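Engineer: First the structure, then my questions, so here it is.
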Amino acid sequence: MRARVVLEVARTTFREFWRSPEAVFWTYGFPVLMAVVLGFAFQPGALPPVPVAVVAGEGTGPVVASLRQEARLQVEAMSAAEADHALARGRVALLLRLDAGEPVLRTDPTRQEAELARLLVERTLRGSSSGSDATLRAEVEDRPGARYIDFLIPGLVGLNLLGAGMWGVGFNLVQMRTQHLLRRLAVTPMRRAEFLFGYLLGRFVLVVPESVAIASFGVLVWGVPCRGSVLAALLLATVGGFAFAGLGCLLASRTRTIEGIAGLMNLFQLPMWLLGGSFFDVDRLTGVMRWASEAMPLTHVNRALRDVMLEPGTLADVAMPLGILAGFAAVCFALAMRLFRWQ
Amino acid sequence: MTLRADVIDPGAGDGDAAIELVGLRKVYRKGKQTTVAVDGLDLRVERGEVFGLLGPNGAGKTTTIEICEGLTVPDSGRVRILGSQWRTGVDDAIRARIGVCLQETKFHEKATVRETLQLFRSFFATGRSLDEVLDLVSLREKADARQSTLSGGQRQRLAVATALVGTPELLFLDEPTTGLDPQSRRQLWDVVRAFQDRSGTVVLTTHYMDEAQQLCDRVGIVDKGKVIALGTPDELIRSLDAEHFVEVDFAKEANGSLDAAPFAALPDVAAVAREGSHVVLTVRSVHTALPAMLAMASAQNLPIAGLATRHATLEDVFVHLTGRHLRDEGKP
């Protein structure tokens with residue numbers, strides 16, 4: 001294998017990718033964006049205050065004042081028409097008006113916040129009138145490492161490896177085949193291994209840095225811990241990425257159309273999205289589902305990544321999943337090389 | 001045993017030729033349908049010549065050339081490329097000595113002309129400098145343009161350029177000018193001639209008879225997987241019994257009384273074909289047949305609306321051999 005050829009193929013491959021802004025976005029920008037969006041959706045901390053409307057009129061002053069004592073409520077006084085509109089549009093969860101001095105609460109029962117708003121308002125009003133209601137003591141789980149965001153970030157790194165590995169590698173191979181470029185390369189003295197290594201290098205040079213970016217984002221913004229071996233985490237990203245790239249190569253080894261490869265990719269990716277343990281803990285699965293989950297490389301990537309991020313896992317602790325993933329990659333690449341068709 | 005077999009094999013090559021094909025056969029099977037693409041084809045291409053495989057779509061030209069390039073494995077038959085055989089452990093050595101331009105290759109869209117050439121240049125241990133190749137195909141001013149901005153002719157010249165970066169001895173061009181405008185075609189012909197001037201061998205396929213006639217030293221006419229005629233374009237045309245045509249359009253009002261048969265008896269007329277008021281005489285010499293034809297038309301009181309003469313082309317050779325036209329089949 002000649003390094004010059006490998007590097008030249010790698011450069012060409014990388015350039016082709018880098019010069020397609022939309023491909024760069026979907027492969028590298030989108031996963032980061034998703035991490036940000038999902039992260040904010042599940043970010044740790046208190047829920048935002050519940051918006052409540054009070055219809056302004058005679059005698060509502062004290063009511064508004066007492067409701068404003070409750071920090072979890074965001075109270076706004078407005079006209080009856082404005083309040084109706086706000087409730088209809090879901091801008092407030094509850095509408096309060098005084099009927100002959102008696103408070104009347106109106107809520108939209110299909111909104112989840114409605115019940116919370118009702119309870120809070122009732123309690124606040126009762127408390128202020130009698131002054132006898134004892135406050136309930138409540139505890140929230142907010143220690144880093146135990147929150148959903150902590151669970152989610154390693155899972156998103158895994159999903160990114162899955163996407164970049166399979167789509168980035170498999171899809172383009174088929175595209176090069178459909179445009180007869182593979183055939184053209186096959187009639188040069190370029191060797192198969194040179195092409196494969198160069199191609200993977202070109203497609204892969206950004207995969208590990210991107211995993212680092214997603215994980216760092218979680219660590220820096222949400223305080224997701226990284227308690228184990230960083231080296232093990234990097235190794236996991238690399239080997240995991242190669243496992244998915246191997247699968248992508250294998251699926252692309254004979255596929256002749258873009259539609260064909262898109263279908264095959266989805267066939268293999270969707271189950272992994274669902275059962276690969278990125279969004280929920282697969283250890284709670286049983287039976288066939290559990291068995292299927294264990295057969296997926298993503299499950300092993302995710303579990304091992306959590307071991308080295310959320311727990312003080314060492315390289316030795318993740319040697320087993322690393323071995324499984326390396327074996328999976330080796331089998332996939334070996335099969336892909338055997339089955340591969342230039343045309 | 002192997003030696004002996006080689007000695008008695010009548011097709012055993014001397015290794016001097018650029019290409020030797022003996023008894024080549026390739027059948028494609030798709031379901032229950034079998035298509036004989038190449039049917040016992042023999043061919044020898046000498047070093048230093050531009051050789052054209054001429055034939056209609058589906059004649060087996062591309063399959064033949066892809067067997068030569070090592071892309072397709074024949075079912076039977078012997079292939080020698082520059083004295084070597086495919087799949088005997090020297091494939092990369094052969095590939096290093098040939099240049100290939102396939103049909104309809106799309107290179108990396110985002111790569112510039114120079115970058116594409118640089119990639120292909122890296123595959124070869126020895127070869128031309130990129131500037132030299134750019135000059136050969138007149139793409140120097142487009143060196144930094146991306147593939148996606150090139151015209152059809154420029155793309156095709158780039159494809160040829162990728163075949164030239166490794167200083168090949170033998171160049172394969174599969175329908176290099178299909179779909180190009182006349183100017184782009186001429187530019188490509190110049191590239192081919194320049195390559196031949198540096199003692200290169202070229203094998204090209206085409207279904208353009210003018211291309212074969214102007215560019216090729218020798219032509220093999222291929223039909224239904226076989227070479228049915230072989231020779232220089234002039235030899236092939238001279239092999240026709242008569243190599244000139246006189247095409248006459250008689251006035252429509254003469255249609256009823258027109259009888260073309262007597263023209264066949266005129267001196268040097270080999271054949272007569274009639275289609276309505278259009279009559280084509282195949283003649284050996286225009287200067288004897290034409291006055292005789294005009295005299296007969298005048299005597300029979302047949303007014304002439306149009307008259308043209310032309311020299312026979314390879315198309316006529318093909319029609320003569322197969323009874324069909326080159327462009328009749330395949331793509332509409």
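Here's how to read the names in the structure tokens: chain A, B, ... by the order shown, residue numbers from 1 in each chain, ligand numbers from 1 in the order shown.
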Might you pull out every residue within 7 Å of region 254-257 of chain B, with only C-alpha atoms counted and same-chain residues fewer than 6 positions away left off, and present them as a PDB file with C-alpha atoms, in the first residue's frame?

Structural biologist:
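Once written, out00.pdb looks like this:
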```pdb
ATOM      1  CA  SER B 277     -39.593   9.556 -56.971  1.00  0.00           C
ATOM      2  CA  LEU B 302     -38.539  12.326 -67.021  1.00  0.00           C
ATOM      3  CA  PRO B 303     -38.002  15.807 -65.546  1.00  0.00           C
TER       4      PRO B 303
END
```

Engineer: Pick out each residue of region 49-298 of chain B that DSSP on the backbone tags as strand (DSSP E or B); I need them as number ranges by chain.

Structural biologist: B: 50-54, 76-81, 84, 98-101, 112, 146, 170-174, 201-206, 218-223, 226-231, 244-250, 269-275, 278-283

Engineer: Do you have the CA of Leu339 (chain A)-CA of Thr238 (chain A) distance handy?

Structural biologist: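 Interatomic distance, CA of Leu339 (chain A) to CA of Thr238 (chain A): 24.3 Å.
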
Engineer: Taking the backbone alone, and naming residues the way the document does, which bits of region 193-247 of chain A are helix (DSSP H, G or I) by DSSP, as a ChimeraX atom specification?

Structural biologist: /A:193-204,207-222,230-247

Engineer: Please report as a VMD selection string which residues of chain A come no farther than 6 Å from chain B, using only C-alpha atoms.

Structural biologist: chain A and resid 5 8 16 179 to 181 188 to 190
